[in-house]
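Structure below is work.cif: mmCIF, C-alpha atoms and all ligand atoms.
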data_upload
#
loop_
_atom_site.label_atom_id
_atom_site.label_comp_id
_atom_site.auth_asym_id
_atom_site.auth_seq_id
_atom_site.Cartn_x
_atom_site.Cartn_y
_atom_site.Cartn_z
CA MET A 23 0.00 0.00 0.00
CA ILE A 24 1.21 3.48 -0.86
CA GLY A 25 0.87 6.16 1.83
CA ILE A 26 0.68 9.81 0.76
CA PHE A 27 0.42 12.95 2.85
CA ASP A 28 0.18 16.71 2.52
CA SER A 29 -1.02 19.64 4.63
CA GLY A 30 -4.31 19.37 2.74
CA ILE A 31 -5.67 18.37 -0.65
CA GLY A 32 -2.61 19.62 -2.59
CA GLY A 33 -0.98 16.19 -2.55
CA LEU A 34 -3.85 14.85 -4.63
CA SER A 35 -2.09 16.50 -7.59
CA VAL A 36 0.69 13.96 -6.98
CA PHE A 37 -1.68 11.09 -6.21
CA VAL A 38 -3.39 11.41 -9.63
CA GLU A 39 -0.02 11.09 -11.39
CA ILE A 40 1.02 8.09 -9.28
CA ARG A 41 -2.29 6.37 -9.93
CA LYS A 42 -1.80 6.71 -13.70
CA LEU A 43 1.36 4.59 -13.34
CA LEU A 44 0.15 2.20 -10.62
CA PRO A 45 -3.64 1.93 -11.12
CA GLU A 46 -3.96 -1.42 -9.35
CA GLU A 47 -2.34 -0.40 -6.09
CA SER A 48 -4.05 0.54 -2.85
CA TYR A 49 -3.55 4.01 -1.44
CA ILE A 50 -3.98 5.81 1.83
CA TYR A 51 -4.04 9.61 1.72
CA PHE A 52 -3.67 11.78 4.82
CA ALA A 53 -4.65 15.47 4.64
CA ASP A 54 -3.41 17.41 7.67
CA ASN A 55 -5.97 20.11 7.04
CA ALA A 56 -6.43 20.99 10.71
CA ASN A 57 -2.88 22.38 10.45
CA CYS A 58 -3.03 23.76 6.90
CA PRO A 59 -1.25 25.84 5.64
CA TYR A 60 2.23 24.55 6.53
CA GLY A 61 3.91 27.33 4.52
CA GLY A 62 4.47 29.80 7.37
CA LYS A 63 4.91 27.25 10.19
CA SER A 64 8.19 26.41 11.93
CA ARG A 65 10.45 23.60 10.78
CA GLU A 66 10.12 21.90 14.18
CA PHE A 67 6.33 21.92 13.97
CA ILE A 68 6.35 20.41 10.47
CA ILE A 69 8.87 17.72 11.48
CA GLY A 70 6.59 16.78 14.40
CA ARG A 71 3.54 16.52 12.15
CA ALA A 72 5.43 14.59 9.45
CA ARG A 73 6.67 12.07 12.02
CA GLU A 74 3.23 11.55 13.55
CA ILE A 75 1.50 11.23 10.16
CA SER A 76 4.17 8.81 8.89
CA GLU A 77 3.63 6.61 11.95
CA ALA A 78 -0.11 6.63 11.31
CA LEU A 79 0.42 5.72 7.64
CA ILE A 80 2.79 2.85 8.51
CA ARG A 81 0.38 1.54 11.16
CA SER A 82 -2.41 1.66 8.56
CA GLY A 83 -0.47 -0.57 6.17
CA SER A 84 1.73 1.72 4.06
CA ASP A 85 4.82 0.07 2.58
CA ILE A 86 6.24 3.34 1.27
CA VAL A 87 5.40 6.98 2.02
CA VAL A 88 5.15 9.88 -0.42
CA VAL A 89 5.67 13.29 1.15
CA ALA A 90 3.40 15.01 -1.40
CA CYS A 91 4.22 18.43 -0.03
CA ASN A 92 7.23 20.56 -0.94
CA THR A 93 7.20 22.36 2.42
CA ALA A 94 7.18 19.12 4.43
CA THR A 95 9.82 17.57 2.15
CA ALA A 96 12.12 20.56 2.65
CA ALA A 97 11.63 20.57 6.42
CA ALA A 98 11.33 16.92 7.34
CA ILE A 99 12.41 14.32 4.79
CA THR A 100 15.97 13.99 6.13
CA THR A 101 14.60 13.35 9.63
CA LEU A 102 11.97 10.89 8.34
CA ARG A 103 14.61 8.92 6.42
CA SER A 104 16.91 8.79 9.43
CA GLU A 105 14.06 7.58 11.68
CA PHE A 106 12.32 5.07 9.40
CA SER A 107 14.41 4.12 6.37
CA ASP A 108 17.58 2.45 7.66
CA PRO A 109 17.13 -1.27 8.51
CA THR A 110 20.81 -1.55 9.57
CA ASN A 111 20.09 0.69 12.54
CA PRO A 112 18.62 -1.61 15.24
CA LEU A 113 16.51 1.18 16.79
CA THR A 114 14.96 2.18 13.46
CA ARG A 115 14.39 -1.43 12.54
CA GLU A 116 12.61 -2.25 15.81
CA ARG A 117 10.45 0.84 15.58
CA VAL A 118 9.31 0.15 12.01
CA LEU A 119 8.75 -3.56 12.72
CA SER A 120 6.59 -2.61 15.68
CA LEU A 121 4.62 0.09 13.81
CA SER A 122 4.02 -2.19 10.83
CA GLY A 123 3.10 -5.24 12.89
CA GLY A 124 6.19 -7.09 11.64
CA ARG A 125 5.49 -6.46 7.93
CA ARG A 126 8.47 -4.25 7.23
CA ASP A 127 11.81 -3.32 8.77
CA HIS A 128 12.18 -0.03 6.92
CA ILE A 129 10.04 2.44 4.99
CA ARG A 130 11.31 4.48 2.07
CA PHE A 131 10.18 8.11 1.65
CA ILE A 132 9.69 9.85 -1.69
CA GLY A 133 9.66 13.63 -1.53
CA MET A 134 8.93 16.53 -3.84
CA GLU A 135 11.88 18.01 -5.72
CA PRO A 136 11.72 21.60 -6.92
CA ALA A 137 11.89 21.12 -10.71
CA ILE A 138 14.69 23.61 -11.24
CA LYS A 139 16.79 21.33 -13.46
CA PRO A 140 14.08 20.78 -16.11
CA ALA A 141 13.30 24.49 -15.96
CA VAL A 142 16.93 25.34 -16.66
CA SER A 143 16.89 23.18 -19.77
CA LEU A 144 13.64 24.76 -21.01
CA THR A 145 14.25 28.48 -20.48
CA LYS A 146 15.21 30.62 -23.44
CA SER A 147 15.13 33.93 -21.62
CA GLY A 148 17.57 32.67 -18.96
CA VAL A 149 15.13 33.54 -16.19
CA ILE A 150 13.09 30.92 -14.38
CA GLY A 151 10.42 31.73 -11.83
CA VAL A 152 9.71 29.60 -8.78
CA LEU A 153 6.39 29.83 -6.98
CA ALA A 154 6.41 28.09 -3.60
CA THR A 155 5.59 28.56 0.06
CA GLU A 156 7.68 30.67 2.40
CA GLY A 157 8.83 27.50 4.21
CA THR A 158 10.10 25.92 0.98
CA LEU A 159 11.88 29.04 -0.29
CA LYS A 160 13.65 29.54 3.05
CA ALA A 161 14.72 25.90 3.40
CA GLU A 162 18.32 24.79 3.05
CA LYS A 163 17.26 21.86 0.85
CA TYR A 164 15.60 24.12 -1.73
CA ARG A 165 18.43 26.67 -1.68
CA HIS A 166 20.96 23.93 -2.27
CA THR A 167 19.09 22.71 -5.39
CA ARG A 168 18.68 26.27 -6.64
CA ASP A 169 22.37 27.07 -6.17
CA LEU A 170 23.32 24.05 -8.32
CA THR A 171 22.33 26.19 -11.32
CA HIS A 172 25.72 27.90 -10.70
CA GLY A 173 24.43 31.22 -11.91
CA ASN A 174 23.77 29.94 -15.46
CA VAL A 175 20.24 31.23 -15.16
CA THR A 176 18.53 33.76 -12.94
CA VAL A 177 16.10 32.19 -10.48
CA ALA A 178 13.32 34.59 -9.51
CA GLU A 179 11.20 33.50 -6.54
CA HIS A 180 7.83 34.43 -5.16
CA VAL A 181 5.59 33.01 -2.45
CA GLY A 182 2.24 32.04 -3.94
CA GLU A 183 0.41 34.28 -1.49
CA GLY A 184 -3.10 32.99 -0.85
CA PHE A 185 -2.86 30.14 -3.39
CA VAL A 186 -3.22 27.36 -0.79
CA GLU A 187 -6.22 29.11 0.74
CA LEU A 188 -7.89 29.33 -2.69
CA VAL A 189 -7.42 25.60 -3.31
CA GLU A 190 -8.47 24.59 0.19
CA SER A 191 -11.70 26.54 -0.26
CA GLY A 192 -12.31 24.92 -3.66
CA GLU A 193 -11.99 28.25 -5.51
CA LEU A 194 -10.05 27.26 -8.61
CA SER A 195 -11.23 29.91 -11.08
CA GLY A 196 -12.97 33.29 -11.38
CA PRO A 197 -11.97 36.93 -11.00
CA HIS A 198 -10.93 36.69 -7.34
CA ALA A 199 -8.70 33.65 -7.97
CA GLU A 200 -7.16 35.49 -10.96
CA LYS A 201 -6.43 38.56 -8.85
CA VAL A 202 -4.77 36.50 -6.09
CA VAL A 203 -2.68 34.44 -8.53
CA GLY A 204 -1.75 37.51 -10.60
CA GLU A 205 -0.29 39.30 -7.59
CA SER A 206 2.38 36.61 -7.12
CA LEU A 207 2.85 35.50 -10.71
CA LYS A 208 3.11 38.86 -12.48
CA PRO A 209 6.29 39.96 -10.61
CA LEU A 210 8.04 36.82 -11.93
CA LEU A 211 6.88 37.50 -15.50
CA ALA A 212 7.98 41.12 -15.14
CA GLN A 213 11.49 39.89 -14.30
CA GLY A 214 11.58 38.05 -17.64
CA ALA A 215 10.74 34.52 -16.49
CA ASP A 216 9.61 32.36 -19.41
CA THR A 217 9.46 29.16 -17.33
CA ILE A 218 7.55 28.89 -14.07
CA VAL A 219 8.12 26.05 -11.59
CA LEU A 220 5.19 25.14 -9.38
CA GLY A 221 6.97 24.46 -6.10
CA CYS A 222 3.90 23.57 -4.05
CA THR A 223 1.58 20.64 -4.68
CA HIS A 224 -1.52 22.80 -4.24
CA TYR A 225 -0.61 25.06 -7.17
CA PRO A 226 -1.34 22.64 -10.08
CA PHE A 227 -5.03 22.90 -9.12
CA LEU A 228 -4.77 26.55 -10.19
CA MET A 229 -3.18 25.62 -13.54
CA ASP A 230 -5.97 27.12 -15.68
CA VAL A 231 -5.73 30.48 -13.90
CA ILE A 232 -1.93 30.39 -14.00
CA ARG A 233 -1.92 29.65 -17.75
CA LYS A 234 -4.46 32.36 -18.42
CA ILE A 235 -2.35 34.99 -16.65
CA ALA A 236 1.01 33.76 -17.97
CA GLY A 237 -0.16 33.57 -21.58
CA PRO A 238 0.88 31.16 -24.33
CA GLY A 239 4.66 31.59 -24.49
CA ILE A 240 5.36 30.57 -20.90
CA ASN A 241 6.30 27.04 -19.75
CA ILE A 242 4.62 25.93 -16.55
CA ILE A 243 6.29 22.98 -14.82
CA ASN A 244 4.37 20.69 -12.47
CA PRO A 245 6.92 18.31 -10.91
CA ALA A 246 4.28 15.69 -9.98
CA PRO A 247 4.68 13.40 -13.05
CA ALA A 248 8.46 13.13 -12.48
CA VAL A 249 7.94 12.40 -8.77
CA ALA A 250 5.38 9.71 -9.71
CA ARG A 251 7.88 8.06 -12.08
CA HIS A 252 10.51 8.00 -9.34
CA LEU A 253 8.01 6.56 -6.85
CA ALA A 254 7.02 3.81 -9.30
CA GLU A 255 10.68 2.77 -9.70
CA VAL A 256 11.37 2.71 -5.97
CA TYR A 257 8.07 0.92 -5.25
CA GLU A 258 8.89 -1.77 -7.78
CA GLU A 259 12.36 -2.29 -6.35
CA ASP A 260 11.64 -1.91 -2.64
CA VAL A 261 8.08 -3.22 -2.19
CA GLN A 262 6.75 -5.23 -5.12
CA GLY A 263 10.15 -6.83 -5.72
CA SER A 264 10.46 -8.13 -2.16
CA ALA A 265 8.70 -11.43 -1.49
CA GLY A 266 5.79 -11.39 0.93
CA GLN A 267 5.19 -7.64 0.65
CA LYS A 268 2.43 -7.76 -1.92
CA ASP A 269 -0.40 -5.41 -1.43
CA SER A 270 -3.51 -6.96 0.07
CA GLY A 271 -5.70 -4.94 -2.31
CA GLU A 272 -8.53 -4.78 0.20
CA GLU A 273 -9.27 -1.10 -0.06
CA HIS A 274 -8.39 0.98 -3.08
CA LEU A 275 -8.21 4.46 -1.58
CA LYS A 276 -8.54 5.25 2.08
CA LEU A 277 -8.81 8.90 3.10
CA LEU A 278 -7.69 10.24 6.46
CA SER A 279 -7.71 13.83 7.64
CA SER A 280 -7.08 15.80 10.81
CA GLY A 281 -9.96 18.21 10.06
CA ASP A 282 -13.13 18.49 8.00
CA ASP A 283 -12.94 16.00 5.13
CA THR A 284 -15.76 17.37 2.96
CA LEU A 285 -13.52 18.96 0.32
CA LEU A 286 -11.08 16.04 0.38
CA LYS A 287 -13.91 13.64 -0.43
CA ARG A 288 -15.32 15.96 -3.12
CA PHE A 289 -11.97 16.47 -4.85
CA THR A 290 -11.11 12.80 -4.69
CA ALA A 291 -14.45 11.82 -6.16
CA SER A 292 -14.03 14.25 -9.07
CA LEU A 293 -10.45 13.09 -9.72
CA LEU A 294 -11.23 9.40 -9.85
N1 LIG B 301 1.09 21.57 -0.55
C1 LIG B 301 2.17 21.98 0.26
C2 LIG B 301 3.44 22.21 -0.48
O1 LIG B 301 3.66 21.54 -1.48
C3 LIG B 301 1.89 22.82 1.48
C4 LIG B 301 1.20 24.10 1.30
C5 LIG B 301 0.91 24.73 2.64
O2 LIG B 301 0.28 24.03 3.45
O3 LIG B 301 1.33 25.86 2.88
O4 LIG B 301 4.26 23.00 -0.12
#

Would it be possible to restate this file's structure as structure tokens?
Ligand code: DGL
Amino acid sequence: MIGIFDSGIGGLSVFVEIRKLLPEESYIYFADNANCPYGGKSREFIIGRAREISEALIRSGSDIVVVACNTATAAAITTLRSEFSDPTNPLTRERVLSLSGGRRDHIRFIGMEPAIKPAVSLTKSGVIGVLATEGTLKAEKYRHTRDLTHGNVTVAEHVGEGFVELVESGELSGPHAEKVVGESLKPLLAQGADTIVLGCTHYPFLMDVIRKIAGPGINIINPAPAVARHLAEVYEEDVQGSAGQKDSGEEHLKLLSSGDDTLLKRFTASLL
């Protein structure tokens, strides 16, 4: 079973891509919407939530966990891997065996990567724009990836102010959504960006509005399909390939949330 989590419904943009590649698998999706948005929260808080949610996903039968949230990946994936992914560490091994009821001795984590590399190969203007949360843009992990461009391109950044709130309220189009999106996107276009990276899993739900404002000549990159391909490879090698770890296939998609699940259910139903 594949476990997926996000601060809210944003991670469903990753789930739909994964499901295209692994349609027969069972999934469990956790939306931490009681604590959404993560974007302005402290690293310590996000690590605490990521740990607790991962434990819940492992207890519920997950064989692998997708951190379908750029902010949580940037803050917590190193900690999650050190606490759950190393079967040669006796403490980690015992903990995972106990959480999984003896099914597994380690759990691999797949995170979101800011798609800076593909953006660098696409840009003609030499300016790429990154839209992400404050937490992602401030994180060491993101800055490291960005700095690998070695100054070959200019990376312009902007927090997608209010984007997560739009998606979490189901407002994906209309004049208000266009105004909110325009306020963060236009400064990147004004700096000459011809390629925009969506560095938050909520943002692809605003793709129509983003395309409308950006216009036809601008590349918009959603990293979810690349993350799904990576997950499928690791799942094959680490879960399906190992004897006795086959999915039970009892339930196809289980939804969990820390808050009101009305929108989660509605979005999931329309996506499937
Ligand atoms: N969807 C998340 C991300 O990819 C989190 C957004 C938020 O909760 O601020 O960053």

* Pairwise distance for CA of Ala141 (chain A) and CA of Ile240 (chain A), rounded to one decimal in Å ->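 These two atoms are separated by 11.2 Å.
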
Neighbour list for region 117-131 of chain A as a ChimeraX atom specification, cut-off 12 Å, all atoms listed in the file, skip fewer than 3 positions in-chain | /A:23-27,72-74,76-90,94-95,98-114,134,249,252-253,255-261,264-270

Can you write just those residues out, C-alpha atoms, as a short mmCIF file (atom, residue, chain, number, x, y, z; two decimals), in the frame of the given file?
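What follows is the written file out11.cif:
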data_model
loop_
_atom_site.label_atom_id
_atom_site.label_comp_id
_atom_site.auth_asym_id
_atom_site.auth_seq_id
_atom_site.Cartn_x
_atom_site.Cartn_y
_atom_site.Cartn_z
CA MET A 23 0.00 0.00 0.00
CA ILE A 24 1.21 3.48 -0.86
CA GLY A 25 0.87 6.16 1.83
CA ILE A 26 0.68 9.81 0.76
CA PHE A 27 0.42 12.95 2.85
CA ALA A 72 5.43 14.59 9.45
CA ARG A 73 6.67 12.07 12.02
CA GLU A 74 3.23 11.55 13.55
CA SER A 76 4.17 8.81 8.89
CA GLU A 77 3.63 6.61 11.95
CA ALA A 78 -0.11 6.63 11.31
CA LEU A 79 0.42 5.72 7.64
CA ILE A 80 2.79 2.85 8.51
CA ARG A 81 0.38 1.54 11.16
CA SER A 82 -2.41 1.66 8.56
CA GLY A 83 -0.47 -0.57 6.17
CA SER A 84 1.73 1.72 4.06
CA ASP A 85 4.82 0.07 2.58
CA ILE A 86 6.24 3.34 1.27
CA VAL A 87 5.40 6.98 2.02
CA VAL A 88 5.15 9.88 -0.42
CA VAL A 89 5.67 13.29 1.15
CA ALA A 90 3.40 15.01 -1.40
CA ALA A 94 7.18 19.12 4.43
CA THR A 95 9.82 17.57 2.15
CA ALA A 98 11.33 16.92 7.34
CA ILE A 99 12.41 14.32 4.79
CA THR A 100 15.97 13.99 6.13
CA THR A 101 14.60 13.35 9.63
CA LEU A 102 11.97 10.89 8.34
CA ARG A 103 14.61 8.92 6.42
CA SER A 104 16.91 8.79 9.43
CA GLU A 105 14.06 7.58 11.68
CA PHE A 106 12.32 5.07 9.40
CA SER A 107 14.41 4.12 6.37
CA ASP A 108 17.58 2.45 7.66
CA PRO A 109 17.13 -1.27 8.51
CA THR A 110 20.81 -1.55 9.57
CA ASN A 111 20.09 0.69 12.54
CA PRO A 112 18.62 -1.61 15.24
CA LEU A 113 16.51 1.18 16.79
CA THR A 114 14.96 2.18 13.46
CA MET A 134 8.93 16.53 -3.84
CA VAL A 249 7.94 12.40 -8.77
CA HIS A 252 10.51 8.00 -9.34
CA LEU A 253 8.01 6.56 -6.85
CA GLU A 255 10.68 2.77 -9.70
CA VAL A 256 11.37 2.71 -5.97
CA TYR A 257 8.07 0.92 -5.25
CA GLU A 258 8.89 -1.77 -7.78
CA GLU A 259 12.36 -2.29 -6.35
CA ASP A 260 11.64 -1.91 -2.64
CA VAL A 261 8.08 -3.22 -2.19
CA SER A 264 10.46 -8.13 -2.16
CA ALA A 265 8.70 -11.43 -1.49
CA GLY A 266 5.79 -11.39 0.93
CA GLN A 267 5.19 -7.64 0.65
CA LYS A 268 2.43 -7.76 -1.92
CA ASP A 269 -0.40 -5.41 -1.43
CA SER A 270 -3.51 -6.96 0.07
#

When the cut-off is 7 Å and you count all atoms listed in the file, which residues lie near ligand LIG 301 (chain B), shown as a PyMOL selection string?
chain A and resi 28-30+32-33+58-62+90-94+154-155+158+186+221-224

- Please provide the set of residues having any atom within 7 Å of region 136-138 of chain A, restricted to all atoms listed in the file, with same-chain residues fewer than 3 positions apart removed, written as an MDAnalysis selection string. chainID A and resid 141:142 164 168 219 221 245

- Message: Please compute the CA of Ala236 (chain A)-CA of Leu144 (chain A) distance, one decimal, in Å.
- Response: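 About the pair CA of Ala236 (chain A) and CA of Leu144 (chain A): they are 15.8 Å apart.
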
Could you tell me which of A:Leu188, A:Leu278, A:Leu207, A:Leu44 comes closest to Arg233 (chain A) if we count all atoms listed in the file?
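Smallest separation from Arg233 (chain A) among the options: A:Leu207.
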
message = Can you measure CA of Ala250 (chain A) to CA of Gly192 (chain A) for me? One decimal in Å is fine.
response =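 Answer for the CA of Ala250 (chain A) to CA of Gly192 (chain A) separation: 24.1 Å.
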
Which of A:His180, A:Arg115, A:His274, A:Arg71 sits closest to Leu294 (chain A) [using all atoms listed in the file]:
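Among the listed residues, the smallest separation from Leu294 (chain A) belongs to A:His274.
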
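With distances restricted to all atoms listed in the file, A:Pro247 is the closest residue to Lys42 (chain A) from A:Pro247, A:Gly214, A:Gly157, A:Pro197.
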
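Shortest atom-to-atom contact with Leu159 (chain A) among A:Val231, A:Leu277, A:Leu285, A:Val177: A:Val177, counting all atoms listed in the file.
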